[in-house]
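Engineer: Once you've had a glance at the structure underneath, I'll fire off some questions.
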Amino acid sequence: MGDGNRWRHLAQRNRGVEFVDACLRGASQVMLQNNPLTGLLILIGIAVGSIHSGHPRVIAGVLIAVAVGTATAILLRAHAPSLRSGLFGFSPLLTGAGVTTFLANRPLMWLLLVLGAVVTTVVTLALTTVFTTWGVPALTFPFVLTTWFLLLGSYQFARSTLDTSAPPALPRAETAAARLSGSVVPDVLEGVSQVFLVDSWLGGLIILVGLLVNSRWSAAFAVVGAVGGTLLAIAFGTGADAVSQGLWGFNAVLTAIALGAVLARPSGSTAAYALVGVVFTVVVQAALTTVLAPLGAPTLTAPFVIATWLFLLPKRTLAPIPQHERHSDGLLAALRPAAGKSE
Amino acid sequence: MGDGNRWRHLAQRNRGVEFVDACLRGASQVMLQNNPLTGLLILIGIAVGSIHSGHPRVIAGVLIAVAVGTATAILLRAHAPSLRSGLFGFSPLLTGAGVTTFLANRPLMWLLLVLGAVVTTVVTLALTTVFTTWGVPALTFPFVLTTWFLLLGSYQFARSTLDTSAPPALPRAETAAARLSGSVVPDVLEGVSQVFLVDSWLGGLIILVGLLVNSRWSAAFAVVGAVGGTLLAIAFGTGADAVSQGLWGFNAVLTAIALGAVLARPSGSTAAYALVGVVFTVVVQAALTTVLAPLGAPTLTAPFVIATWLFLLPKRTLAPIPQHERHSDGLLAALRPAAGKSE
Amino acid sequence: MGDGNRWRHLAQRNRGVEFVDACLRGASQVMLQNNPLTGLLILIGIAVGSIHSGHPRVIAGVLIAVAVGTATAILLRAHAPSLRSGLFGFSPLLTGAGVTTFLANRPLMWLLLVLGAVVTTVVTLALTTVFTTWGVPALTFPFVLTTWFLLLGSYQFARSTLDTSAPPALPRAETAAARLSGSVVPDVLEGVSQVFLVDSWLGGLIILVGLLVNSRWSAAFAVVGAVGGTLLAIAFGTGADAVSQGLWGFNAVLTAIALGAVLARPSGSTAAYALVGVVFTVVVQAALTTVLAPLGAPTLTAPFVIATWLFLLPKRTLAPIPQHERHSDGLLAALRPAAGKSE
């Protein structure tokens with residue numbers, strides 16, 4: 001790839017190009033890739049999709065947020081190689097998509113967008129400290145946490161308004177199950193674009209091409225996740241509205257890429273493990289939908305994050321702390337330090 | 001114990017017997033014991049109790065789940081000695097009890113049961129990584145987390161229905177306090193059987209005998225917990241329904257065994273500490289009941305887990321991080337790495 | 001300071017004076033100071049403020065709780081220098097303020113107050129184990145957690161009643177924004193006294209003097225936080241009631257002191273970072289207000305704790321765990337331990 005090499009050289013010499021490169025890689029990191037061309041195609045996919053679905057300000061929010069978030073990381077002198085890989089850009093980018101999707105277009109929204117992008121980078125650094133302990137990535141949780149704060153907080157602000165189809169309500173048992181129909185193919189592609197909170201099969205298609213450019217395994221597992229999540233939701237009997245917007249696909253897409261293609265070498269057993277993870281992601285998404293119902297807030301990518309953490313954390317060599325034996329360093333020592341020795 | 005030795009030898013040579021032994025020990029581990037005979041008596045207690053209380057499918061769910069969970073741990077090549085001690089069986093077993101108790105008897109329920117048992121083992125492995133950091137056991141939290149996901153998720157699934165006496169509602173201040181009456185003895189025994197989500201004084205009695213077979217201290221503290229939890233709930237003025245089903249006993253039973261008999265050497269000061277833990281468990285259970293009211297979900301054994309964690313985590317030798325002094329490695333170093341040296 | 005030295009000598013020789021000194025320092029530690037005179041002025045501020053605002057039992061609760069909490073730490077043989085610095089007193093003190101403010105004056109309230117103070121110390125020790133991992137202080141979270149349990153639990157107890165102006169309700173979008181008026185100065189001073197759940201400008205003034213006695217930077221940042229939090233809340237359009245009670249000030253006060261004055265050396269960049277933290281604290285407080293609305297519980301100082309943790313945890317040298325690369329020690333090794341070597 002001659003163009004790719006030329007770009008890389010340019011990025012090493014020119015600080016402006018380096019910054020653009022970090023932002024593009026940030027866009028690709030949302031899908032767990034590290035490739036500026038993939039990032040470019042993803043941004044095109046978001047632009048096309050956000051116009052296609054009638055929410056053009058999402059692409060504006062995305063571009064502002066990835067730039068502000070990356071700049072904040074530079075200002076805070078974050079780990080440079082990670083910065084260049086886009087690891088400080090992808091969560092702010094999603095915060096930009098979340099704020100422009102779920103808050104009404106008012107002046108305060110744009111202020112909260114910039115604040116949100118800055119804070120998302122701080123939270124990324126904070127969670128890095130926490131998750132380094134266990135050797136798993138923080139994934140998109142900095143985006144989820146920051147955006148939840150901004151959206152939930154807006155209920156208390158007269159100058160910021162939530163724009164959601166699901167206002168606060170007690171959860172009710174689902175009764176009207178979605179049916180499998182011919183529209184399942186666009187639903188699946190929308191499942192890909194919904195990773196960026198965009199509801200557009202066309203956007204989803206372009207994003208898939210972006211994935212394919214960098215990793216065939218990732219593209220394949222993205223499709224597996226989108227198809228699997230959507231079909232499972234129909235099989236379990238979820239409501240038709242969410243299915244037709246691709247809302248049961250995007251978390252499953254991310255779990256499938258993470259567990260099946262990226263964070264372990266693809267193989268039969270890895271694929272089986274990833275599939276169980278995808279099924280569990282759908283259950284977690286349903287559960288979080290219930291939990292967030294009284295608060296009128298969306299799950300964002302929290303179901304992907306939770307399911308993937310739980311499936312990444314296991315280490316084969318570790319033994320559970322026994323619970324049927326007496327510990328010597330805890331409670332007992334605390335309560336009877338002197339007696340402990342004489343016995 | 002000639003029979004016990006013969007069984008142990010058989011388990012060492014025959015893989016089938018080894019598996020059954022691990023499952024039986026898994027049943028005993030719910031009560032923080034490691035003894036196949038205790039496990040057998042507990043399973044008999046669940047069987048008798050689930051038939052006695054008119055929910056015979058609970059014993060079926062329990063048997064399927066402990067087998068699936070243990071088999072999953074074998075498949076994932078988990079730490080073998082822990083596996084043989086039943087440490088990968090007890091949480092799935094409870095997931096089996098939870099799913100069959102709280103989900104209506106429909107085809108999807110049995111699928112969710114198997115998925116739940118598999119995932120509970122994955123979550124056990126995941127939480128092992130996390131809790132090894134602090135040297136405390138994950139207790140039954142893998143069961144709590146997985147079962148919450150399955151139950152809360154079912155609100156979004158038309159093909160899975162929650163079977164709960166407490167549908168989603170905003171919490172209201174309690175006004176009708178339960179009174180101490182002659183029925184307090186069966187209530188206390190039901191508090192023991194409710195550890196396995198079974199409402200039967202007869203089942204509770206058999207389970208207590210199972211405890212006694214392995215550890216007199218554990219049996220004694222189980223009674224202390226069941227009596228203490230029930231009496232405290234009456235003293236605080238909780239509603240009569242929950243008291244008469246033994247629902248204020250089971251978390252206190254587990255906290256009492258864990259803090260009083262198993263995780264530290266029994267003594268006067270340990271017993272006093274455990275009693276404070278039992279009182280706090282009742283408060284935590286009341287608080288979680290309030291938190292879960294808008295979601296229409298049960299607390300499961302989360303009150304025991306939270307209270308016991310908080311009482312196990314303290315280490316005498318550790319000093320709190322000072323909050324009135326300037327740290328040199330955190331914020332300051334992050335913001336002024338160069339300036340920090342010259343000053 | 002001759003009097004200060006004499007007091008210190010007295011505290012070293014007399015155990016009773018040592019205990020009083022630890023309790024006074026505990027009062028000052030709520031504001032992240034370590035000075036008995038500051039603590040004394042703060043207690044005077046609480047006493048004057050609680051009488052001024054018509055809730056005299058708050059000072060009684062505060063005094064009982066700080067003594068019980070400190071005594072519990074002595075009984076559990078906690079780290080002695082931390083004990084003498086008041087690090088085991090400040091969270092119980094706040095639990096005492098929280099219980100007497102939010103629970104009706106009934107016999108069970110006083111029992112829960114003592115239980116709460118004891119448990120807050122246990123929780124302080126437990127969270128010390130957890131937060132030592134990441135080198136950040138637990139701040140007032142032991143108070144927040146314990147008091148949430150006590151308040152939320154009271155909904156299930158007929159003999160304990162919550163005394164809150166915000167009973168459980170689904171969150172609604174705010175429409176009536178508070179306006180900037182001449183009463184903003186008392187509102188700001190009430191923001192300082194509300195750190196101790198007291199609504200009194202006079203109490204706030206005395207507490208500010210207490211801060212000034214120990215640290216001009218802390219007093220300055222307390223004012224910055226109180227003014228900033230209150231003005232931001234008005235700018236965002238929060239309701240007038242909470243503004244006029246100083247409720248948007250107290251979390252911002254604590255974040256400003258922690259990030260701006262105490263936990264890093266004061267400087268221009270530290271101040272800028274602290275200001276972003278203050279803005280974020282207001283957003284977090286609004287979000288938690290929404291989250292707690294269906295449960296009818298107050299945020300307490302959780303917004304300060306969460307925002308300050310997230311702004312303290314970042315360490316410059318740490319790299320995020322890459323999420324676009326294959327890990328060798330996690331999933332893959334777990335699933336294919338033998339195959340992993342041959343490849």
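Ordering of the structure tokens sets the chain letters (A, B, ...); residue numbers start at 1 within each chain; ligands are numbered from 1 in the order shown.
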Tell me the residues of chain B close to chain A, meaning within 6 Å using only C-alpha atoms, as number ranges by chain.

Structural biologist: B: 32-33, 78-79, 123, 125-126, 128, 137, 149, 152-153, 155-159, 262-264, 312, 315-316, 335

Engineer: Suppose we keep N, CA, C and O atoms; can you now write the selection as a short mmCIF file (atom, residue, chain, number, x, y, z; two decimals), in the first residue's frame?

Structural biologist:
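After the write, part-v3.cif holds the following:
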```
data_model
loop_
_atom_site.label_atom_id
_atom_site.label_comp_id
_atom_site.auth_asym_id
_atom_site.auth_seq_id
_atom_site.Cartn_x
_atom_site.Cartn_y
_atom_site.Cartn_z
N LEU B 32 -21.20 -22.34 52.24
CA LEU B 32 -19.78 -22.18 52.58
C LEU B 32 -19.19 -23.42 53.25
O LEU B 32 -18.35 -23.32 54.14
N GLN B 33 -19.62 -24.61 52.80
CA GLN B 33 -19.06 -25.86 53.28
C GLN B 33 -18.42 -26.59 52.10
O GLN B 33 -18.68 -26.27 50.95
N ALA B 78 -10.79 -24.70 34.05
CA ALA B 78 -10.60 -23.88 35.26
C ALA B 78 -9.73 -24.63 36.26
O ALA B 78 -9.52 -25.83 36.15
N HIS B 79 -9.24 -23.89 37.24
CA HIS B 79 -8.37 -24.41 38.30
C HIS B 79 -8.94 -25.70 38.90
O HIS B 79 -9.99 -25.70 39.55
N VAL B 123 -18.80 -15.82 34.70
CA VAL B 123 -18.78 -14.69 35.62
C VAL B 123 -18.00 -15.05 36.89
O VAL B 123 -17.28 -14.20 37.44
N LEU B 125 -15.41 -16.98 37.00
CA LEU B 125 -14.01 -16.83 36.61
C LEU B 125 -13.64 -15.35 36.51
O LEU B 125 -12.55 -14.94 36.92
N ALA B 126 -14.53 -14.54 35.95
CA ALA B 126 -14.25 -13.11 35.79
C ALA B 126 -14.08 -12.44 37.15
O ALA B 126 -13.11 -11.69 37.37
N THR B 128 -13.31 -13.83 39.90
CA THR B 128 -12.11 -14.34 40.55
C THR B 128 -10.92 -13.44 40.23
O THR B 128 -10.13 -13.09 41.11
N PRO B 137 -13.42 -13.68 48.78
CA PRO B 137 -14.12 -14.51 47.79
C PRO B 137 -15.26 -13.74 47.13
O PRO B 137 -15.79 -12.78 47.71
N PHE B 149 -29.65 -10.21 35.48
CA PHE B 149 -29.71 -9.97 34.04
C PHE B 149 -30.85 -10.77 33.40
O PHE B 149 -31.63 -10.24 32.60
N LEU B 152 -34.40 -9.34 34.86
CA LEU B 152 -34.69 -7.99 34.37
C LEU B 152 -34.84 -7.99 32.86
O LEU B 152 -35.68 -7.27 32.30
N GLY B 153 -34.03 -8.79 32.18
CA GLY B 153 -34.13 -8.88 30.72
C GLY B 153 -35.49 -9.40 30.28
O GLY B 153 -36.02 -8.98 29.24
N TYR B 155 -38.37 -8.73 31.14
CA TYR B 155 -39.39 -7.70 30.91
C TYR B 155 -39.45 -7.27 29.45
O TYR B 155 -40.47 -6.76 28.99
N GLN B 156 -38.35 -7.47 28.71
CA GLN B 156 -38.33 -7.04 27.31
C GLN B 156 -38.65 -8.19 26.36
O GLN B 156 -38.67 -8.00 25.15
N PHE B 157 -38.85 -9.40 26.90
CA PHE B 157 -39.06 -10.58 26.05
C PHE B 157 -40.51 -11.06 26.18
O PHE B 157 -40.95 -11.46 27.26
N ALA B 158 -41.25 -11.08 25.06
CA ALA B 158 -42.63 -11.57 25.11
C ALA B 158 -42.68 -13.07 25.39
O ALA B 158 -43.70 -13.58 25.84
N ARG B 159 -41.58 -13.77 25.14
CA ARG B 159 -41.60 -15.24 25.32
C ARG B 159 -41.02 -15.69 26.66
O ARG B 159 -40.79 -16.87 26.88
N VAL B 262 -17.03 -19.45 59.46
CA VAL B 262 -16.19 -20.03 58.42
C VAL B 262 -14.95 -19.21 58.09
O VAL B 262 -13.84 -19.74 58.00
N LEU B 263 -15.11 -17.91 57.88
CA LEU B 263 -14.00 -17.12 57.35
C LEU B 263 -13.10 -16.55 58.44
O LEU B 263 -12.13 -15.87 58.15
N ALA B 264 -13.42 -16.82 59.69
CA ALA B 264 -12.52 -16.48 60.79
C ALA B 264 -12.74 -17.51 61.88
O ALA B 264 -13.79 -18.15 61.95
N LEU B 312 -15.47 -8.21 55.41
CA LEU B 312 -14.27 -9.03 55.18
C LEU B 312 -13.09 -8.22 54.68
O LEU B 312 -11.93 -8.58 54.89
N LYS B 315 -8.41 -4.70 56.47
CA LYS B 315 -7.13 -5.30 56.89
C LYS B 315 -6.54 -4.35 57.92
O LYS B 315 -6.46 -3.14 57.67
N ARG B 316 -6.07 -4.89 59.03
CA ARG B 316 -5.63 -4.02 60.11
C ARG B 316 -4.44 -3.15 59.74
O ARG B 316 -4.32 -2.00 60.15
N LEU B 335 -0.06 16.83 35.33
CA LEU B 335 -0.26 18.14 34.70
C LEU B 335 1.05 18.90 34.53
O LEU B 335 1.16 19.72 33.64
#
```

Engineer: Which polymer residues have any atom within 8 Å of an atom of region 218-222 of chain A, counting only C-alpha atoms, with same-chain residues fewer than 6 positions away left out, as a list of chain:residue names?

Structural biologist: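 Listed by chain and then number, they are A:Val192, A:Leu208, A:Val209, A:Leu211, A:Leu212, A:Val253, A:Leu254, A:Ala256, A:Ile257, A:Gly260, A:Ala261, A:Val262.
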
Engineer: Ile206 (chain A): which residues within 8 Å, counting only C-alpha atoms, same-chain residues fewer than 2 positions away excluded, as a ChimeraX atom specification?

Structural biologist: /A:41-42,44-45,202-204,208-210

Engineer: Which residues are near Ala97 (chain B)? Cut-off 12 Å, only C-alpha atoms, ignore same chain within fewer than 5 positions. Put them as an mmCIF file with N, CA and C atoms, in the first residue's frame.

Structural biologist:
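Okay, out_37.cif is ready:
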```cif
data_model
loop_
_atom_site.group_PDB
_atom_site.id
_atom_site.type_symbol
_atom_site.label_atom_id
_atom_site.label_comp_id
_atom_site.auth_asym_id
_atom_site.auth_seq_id
_atom_site.Cartn_x
_atom_site.Cartn_y
_atom_site.Cartn_z
ATOM 1 N N ALA B 27 -23.187 -27.981 45.921
ATOM 2 C CA ALA B 27 -24.401 -27.728 46.713
ATOM 3 C C ALA B 27 -24.035 -27.301 48.134
ATOM 4 N N VAL B 30 -22.776 -23.492 48.673
ATOM 5 C CA VAL B 30 -23.739 -22.393 48.834
ATOM 6 C C VAL B 30 -23.766 -21.960 50.302
ATOM 7 N N LEU B 43 -29.399 -31.071 48.815
ATOM 8 C CA LEU B 43 -30.209 -31.362 47.625
ATOM 9 C C LEU B 43 -31.510 -32.063 48.010
ATOM 10 N N ILE B 46 -33.723 -29.418 49.319
ATOM 11 C CA ILE B 46 -34.338 -28.624 48.247
ATOM 12 C C ILE B 46 -35.464 -29.410 47.582
ATOM 13 N N ALA B 47 -35.212 -30.714 47.326
ATOM 14 C CA ALA B 47 -36.216 -31.554 46.668
ATOM 15 C C ALA B 47 -37.485 -31.615 47.512
ATOM 16 N N SER B 50 -39.053 -28.082 47.747
ATOM 17 C CA SER B 50 -39.671 -27.551 46.523
ATOM 18 C C SER B 50 -40.986 -28.275 46.238
ATOM 19 N N HIS B 55 -43.479 -26.075 44.232
ATOM 20 C CA HIS B 55 -42.663 -25.639 43.100
ATOM 21 C C HIS B 55 -41.637 -26.715 42.733
ATOM 22 N N PRO B 56 -42.122 -27.912 42.352
ATOM 23 C CA PRO B 56 -41.184 -29.026 42.132
ATOM 24 C C PRO B 56 -40.134 -28.748 41.058
ATOM 25 N N ARG B 57 -40.386 -27.802 40.151
ATOM 26 C CA ARG B 57 -39.384 -27.626 39.087
ATOM 27 C C ARG B 57 -38.099 -26.975 39.600
ATOM 28 N N VAL B 58 -38.135 -26.437 40.843
ATOM 29 C CA VAL B 58 -36.916 -25.833 41.382
ATOM 30 C C VAL B 58 -35.808 -26.884 41.520
ATOM 31 N N ILE B 59 -36.138 -28.077 42.021
ATOM 32 C CA ILE B 59 -35.097 -29.103 42.175
ATOM 33 C C ILE B 59 -34.552 -29.527 40.801
ATOM 34 N N ALA B 60 -35.426 -29.571 39.791
ATOM 35 C CA ALA B 60 -34.955 -29.892 38.435
ATOM 36 C C ALA B 60 -33.986 -28.816 37.955
ATOM 37 N N GLY B 61 -34.361 -27.557 38.137
ATOM 38 C CA GLY B 61 -33.493 -26.456 37.727
ATOM 39 C C GLY B 61 -32.155 -26.486 38.438
ATOM 40 N N VAL B 62 -32.193 -26.777 39.711
ATOM 41 C CA VAL B 62 -30.977 -26.827 40.526
ATOM 42 C C VAL B 62 -30.025 -27.909 40.017
ATOM 43 N N LEU B 63 -30.579 -29.103 39.735
ATOM 44 C CA LEU B 63 -29.738 -30.224 39.298
ATOM 45 C C LEU B 63 -29.138 -29.954 37.914
ATOM 46 N N ILE B 64 -29.965 -29.442 37.003
ATOM 47 C CA ILE B 64 -29.446 -29.116 35.667
ATOM 48 C C ILE B 64 -28.340 -28.072 35.777
ATOM 49 N N ALA B 65 -28.604 -27.023 36.553
ATOM 50 C CA ALA B 65 -27.686 -25.884 36.583
ATOM 51 C C ALA B 65 -26.351 -26.244 37.216
ATOM 52 N N VAL B 66 -26.356 -27.002 38.301
ATOM 53 C CA VAL B 66 -25.080 -27.336 38.937
ATOM 54 C C VAL B 66 -24.254 -28.223 37.997
ATOM 55 N N PHE B 90 -21.548 -23.854 42.919
ATOM 56 C CA PHE B 90 -22.595 -23.310 43.807
ATOM 57 C C PHE B 90 -23.347 -22.126 43.225
ATOM 58 N N SER B 91 -22.646 -21.264 42.487
ATOM 59 C CA SER B 91 -23.364 -20.112 41.925
ATOM 60 C C SER B 91 -24.304 -20.541 40.795
ATOM 61 N N PRO B 92 -23.858 -21.398 39.850
ATOM 62 C CA PRO B 92 -24.814 -21.892 38.848
ATOM 63 C C PRO B 92 -26.020 -22.588 39.486
ATOM 64 N N PHE B 102 -38.441 -17.639 39.580
ATOM 65 C CA PHE B 102 -38.968 -16.325 39.206
ATOM 66 C C PHE B 102 -39.426 -16.198 37.756
ATOM 67 N N LEU B 103 -39.111 -17.190 36.896
ATOM 68 C CA LEU B 103 -39.628 -17.132 35.520
ATOM 69 C C LEU B 103 -40.735 -18.163 35.362
ATOM 70 N N MET B 109 -37.743 -20.390 29.155
ATOM 71 C CA MET B 109 -37.189 -20.432 30.520
ATOM 72 C C MET B 109 -36.089 -21.481 30.617
ATOM 73 N N TRP B 110 -36.306 -22.658 30.041
ATOM 74 C CA TRP B 110 -35.303 -23.720 30.153
ATOM 75 C C TRP B 110 -34.045 -23.381 29.371
ATOM 76 N N LEU B 113 -32.209 -20.937 31.421
ATOM 77 C CA LEU B 113 -31.614 -21.662 32.549
ATOM 78 C C LEU B 113 -30.237 -22.204 32.177
ATOM 79 N N VAL B 114 -30.149 -22.860 31.024
ATOM 80 C CA VAL B 114 -28.866 -23.431 30.593
ATOM 81 C C VAL B 114 -27.866 -22.312 30.277
ATOM 82 N N GLY B 116 -27.894 -19.364 31.497
ATOM 83 C CA GLY B 116 -27.552 -18.758 32.788
ATOM 84 C C GLY B 116 -26.506 -19.559 33.534
ATOM 85 N N ALA B 117 -26.619 -20.885 33.508
ATOM 86 C CA ALA B 117 -25.643 -21.721 34.219
ATOM 87 C C ALA B 117 -24.258 -21.582 33.588
ATOM 88 N N PHE B 143 -23.946 -15.600 40.799
ATOM 89 C CA PHE B 143 -25.371 -15.957 40.712
ATOM 90 C C PHE B 143 -26.242 -14.712 40.691
ATOM 91 N N VAL B 144 -25.985 -13.787 41.610
ATOM 92 C CA VAL B 144 -26.828 -12.599 41.719
ATOM 93 C C VAL B 144 -26.809 -11.816 40.409
ATOM 94 N N THR B 147 -28.397 -13.797 37.402
ATOM 95 C CA THR B 147 -29.843 -13.977 37.539
ATOM 96 C C THR B 147 -30.570 -12.641 37.419
ATOM 97 N N SER B 193 -34.297 -22.391 54.359
ATOM 98 C CA SER B 193 -34.571 -22.960 53.032
ATOM 99 C C SER B 193 -34.581 -21.885 51.951
ATOM 100 N N GLN B 194 -34.883 -20.636 52.345
ATOM 101 C CA GLN B 194 -34.920 -19.544 51.357
ATOM 102 C C GLN B 194 -33.532 -19.227 50.789
ATOM 103 N N VAL B 195 -32.470 -19.708 51.433
ATOM 104 C CA VAL B 195 -31.145 -19.575 50.821
ATOM 105 C C VAL B 195 -31.180 -20.160 49.411
ATOM 106 N N PHE B 196 -32.013 -21.199 49.243
ATOM 107 C CA PHE B 196 -32.158 -21.838 47.930
ATOM 108 C C PHE B 196 -33.471 -21.436 47.266
ATOM 109 N N LEU B 197 -34.047 -20.334 47.708
ATOM 110 C CA LEU B 197 -35.278 -19.770 47.169
ATOM 111 C C LEU B 197 -36.489 -20.673 47.362
ATOM 112 N N VAL B 198 -36.418 -21.553 48.372
ATOM 113 C CA VAL B 198 -37.492 -22.485 48.656
ATOM 114 C C VAL B 198 -38.167 -22.062 49.954
ATOM 115 N N ASP B 199 -39.503 -22.066 49.956
ATOM 116 C CA ASP B 199 -40.267 -21.607 51.124
ATOM 117 C C ASP B 199 -40.843 -22.824 51.838
ATOM 118 N N LEU B 300 -32.373 -11.268 45.809
ATOM 119 C CA LEU B 300 -31.558 -12.494 45.811
ATOM 120 C C LEU B 300 -30.613 -12.463 47.021
#
```

Engineer: Find the residues around Ala226 (chain A) up to 7 Å (only C-alpha atoms counted), leave out those fewer than 2 positions away in its own chain, and share them as a PDB file with C-alpha atoms, in the first residue's frame.

Structural biologist:
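out38.pdb, freshly written:
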```
ATOM      1  CA  VAL A 188     -29.078  -5.829  10.310  1.00  0.00           C
ATOM      2  CA  GLY A 191     -27.418  -2.585  13.594  1.00  0.00           C
ATOM      3  CA  VAL A 192     -23.912  -1.762  12.329  1.00  0.00           C
ATOM      4  CA  ALA A 222     -19.520  -7.724  12.773  1.00  0.00           C
ATOM      5  CA  VAL A 223     -22.006  -9.361  10.411  1.00  0.00           C
ATOM      6  CA  VAL A 224     -22.330 -12.374  12.713  1.00  0.00           C
ATOM      7  CA  GLY A 228     -27.206 -12.824  15.632  1.00  0.00           C
ATOM      8  CA  GLY A 229     -28.335  -9.947  17.837  1.00  0.00           C
ATOM      9  CA  THR A 230     -31.283  -9.120  15.598  1.00  0.00           C
ATOM     10  CA  GLY A 249     -27.626  -5.257  16.644  1.00  0.00           C
ATOM     11  CA  PHE A 250     -24.999  -2.737  17.674  1.00  0.00           C
ATOM     12  CA  ALA A 252     -23.839  -7.641  19.635  1.00  0.00           C
ATOM     13  CA  VAL A 253     -21.691  -6.342  16.735  1.00  0.00           C
TER      14      VAL A 253
END
```

Engineer: Please, which residues of region 157-225 of chain A, numbered as in this document, come out alpha helix (DSSP H) from DSSP, as a VMD selection string?

Structural biologist: chain A and resid 184 to 193 201 to 214 216 to 225

Engineer: May I have the residues within 9 Å of Thr121 (chain A) as a ChimeraX atom specification, using only C-alpha atoms and disregarding those fewer than 6 positions away in the same chain?

Structural biologist: /A:69-70,72-73,88-89,91-92,142-143

Engineer: Kindly export the residues of the current selection with N, CA, C and O atoms, as a short mmCIF file (atom, residue, chain, number, x, y, z; two decimals), in the first residue's frame.

Structural biologist:
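Generated output (again.cif):
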```cif
data_model
loop_
_atom_site.label_atom_id
_atom_site.label_comp_id
_atom_site.auth_asym_id
_atom_site.auth_seq_id
_atom_site.Cartn_x
_atom_site.Cartn_y
_atom_site.Cartn_z
N GLY A 69 -11.48 15.71 22.26
CA GLY A 69 -11.01 14.63 23.13
C GLY A 69 -9.54 14.33 22.91
O GLY A 69 -8.76 14.18 23.87
N THR A 70 -9.13 14.25 21.65
CA THR A 70 -7.72 13.97 21.35
C THR A 70 -6.84 15.13 21.81
O THR A 70 -5.76 14.92 22.38
N THR A 72 -7.44 17.19 24.25
CA THR A 72 -7.36 17.13 25.72
C THR A 72 -6.29 16.14 26.16
O THR A 72 -5.52 16.42 27.09
N ALA A 73 -6.23 14.99 25.49
CA ALA A 73 -5.21 13.99 25.85
C ALA A 73 -3.81 14.54 25.61
O ALA A 73 -2.89 14.27 26.39
N PHE A 88 -7.36 7.61 22.66
CA PHE A 88 -8.01 8.69 23.41
C PHE A 88 -9.05 9.42 22.57
O PHE A 88 -9.59 10.43 23.00
N GLY A 89 -9.32 8.91 21.38
CA GLY A 89 -10.28 9.57 20.52
C GLY A 89 -11.62 8.87 20.42
O GLY A 89 -12.65 9.52 20.26
N SER A 91 -13.69 7.17 22.47
CA SER A 91 -14.78 7.38 23.42
C SER A 91 -15.35 8.80 23.32
O SER A 91 -16.58 8.96 23.29
N PRO A 92 -14.50 9.85 23.26
CA PRO A 92 -15.08 11.19 23.02
C PRO A 92 -15.92 11.25 21.75
O PRO A 92 -16.99 11.87 21.74
N PRO A 142 -15.81 4.83 29.10
CA PRO A 142 -15.72 6.28 29.36
C PRO A 142 -16.82 7.06 28.64
O PRO A 142 -17.38 8.02 29.20
N PHE A 143 -17.14 6.66 27.41
CA PHE A 143 -18.26 7.27 26.68
C PHE A 143 -19.59 7.03 27.41
O PHE A 143 -20.38 7.95 27.63
#
```

Engineer: At a cut-off of 12 Å, using only C-alpha atoms, what residues contact Ser183 (chain A)? Leave out same-chain residues fewer than 2 positions from it and give the result as a ChimeraX atom specification.

Structural biologist: /A:178-181,185-190,201,230,240,243-246
